[in-house]
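Contents: one structure, followed by commentary.
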Amino acid sequence: MQHFYDGQIRRYLLQTIRVFSNFVVKYGDGTLVQVPVTYGDPDRQAASIIRQNSENKVNSVPRIAVYITDLSLDKDRLSDSSYVGKLHFRERDTQIDPNTGRETYNQAQGRNYTVERLMPTPFKLKMKVDIWASSTEQKLQLLEQMLVLFNPSLELQTTDNYIDWTSLTVLNLNEIRWSSRTVPVGNDSPIDIATLTVDTPI
């Protein structure tokens with residue numbers, strides 16, 4: 001029995017996490033602090049270790065969490081599943097350098113290749129980005145840095161393979177939820193969370 005796993009959805013998730021990495025907030029004393037980005041639905045054992053096996057461990061802010069909310073078949077992009085695209089490649093010939101013993105390219109033609117690319121099945125991956133902030137000022141700083149990237153989408157590259165026709169995609173910003181709290185806010189209000197809803201065709 002054969003097993004195949006290429007980590008395709010994982011690559012899109014990692015690319016999305018990288019998009020929201022390396023943002024900073026400025027504290028009142030002028031120090032700049034980089035905001036960590038985590039996967040919002042971690043392994044239970046790993047999450048327990050991070051919390052030091054204690055239920056009394058308080059989540060630190062500011063923080064950003066990215067997690068998948070939906071994966072659906074994108075019927076609008078369905079195409080002929082039997083289609084096979086062909087690419088023809090011709091390498092440059094190589095030779096062994098007698099002085100160094102290394103293989104180097106020359107100007108002659110080398111081997112020929114034909115790569116057959118099967119029509120992939122299109123899906124739509126939906127994710128949410130939770131922005132944890134301890135104050136409105138922190139939230140404003142993070143949102144102002146993030147939202148200018150989307151107009152209305154951001155291009156993603158999942159691989160640098162030249163022949164992979166699924167290597168480029170976009171990250172669309174669909175919805176912005178300003179706050180997870182309700183008004184009026186009491187004394188024991190939870191951490192304020194702003195949520196960005198994004199999707200990407202995969």
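Ligands are numbered from 1 in the order shown, chains are lettered A, B, ... in the order of the structure tokens, and residues start at 1 in each chain.
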
DSSP strand (DSSP E or B) selection over segment 5-138 of chain A, as a PyMOL selection string: chain A and resi 24-26+32-34+37-39+63-73+84-96+103-118+123-133

Closest-contact table, segment 141-189 of chain A side, partner segment 56-80 of chain A, 12 Å, counting only C-alpha atoms, as JSON lines:
{"residue": "A:Gln141", "atom": "CA", "partner": "A:Pro62", "partner_atom": "CA", "distance": 10.8}
{"residue": "A:Leu142", "atom": "CA", "partner": "A:Pro62", "partner_atom": "CA", "distance": 9.3}
{"residue": "A:Leu143", "atom": "CA", "partner": "A:Ile64", "partner_atom": "CA", "distance": 11.2}
{"residue": "A:Met146", "atom": "CA", "partner": "A:Ile64", "partner_atom": "CA", "distance": 11.6}

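Proximity of A:Met127, A:Leu149, A:Ala133, A:Ile163 to Ile9 of chain A, computed with only C-alpha atoms, is greatest for A:Met127.
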
Exercise: Tyr83 of chain A partners within 9 Å, only C-alpha atoms, chain neighbours under 4 positions left out, as a list in words: Ser79, Arg117, Leu118 and Met119 of chain A

Convert the current residue selection to file output with C-alpha atoms, as a CSV table (one decimal), in the first residue's frame.
chain,number,residue,atom,x,y,z
A,79,SER,CA,-11.5,22.3,-15.3
A,117,ARG,CA,1.7,18.1,-15.6
A,118,LEU,CA,-1.7,16.8,-14.5
A,119,MET,CA,-4.6,19.2,-14.0

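Using only C-alpha atoms, the shortest contact distance between Val35 of chain A and any of A:Lys139, A:Gln107, A:Gln8, A:Lys126 is found at A:Lys139.
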
Who sits within 9 Å of Thr159 of chain A, only C-alpha atoms, same chain under 6 positions skipped, as JSON, numbers by chain: {"A": [11, 166, 167, 168]}

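The closest residue to Phe123 of chain A, picked from A:Leu173, A:Ile202, A:Ile96, A:Val19 and counting only C-alpha atoms, is A:Ile202.
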
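Remark: for Gln95 of chain A, the closest of the candidate residues A:Ile191, A:Leu14, A:Leu140, A:Ala108 is A:Ala108 (distances computed over only C-alpha atoms).
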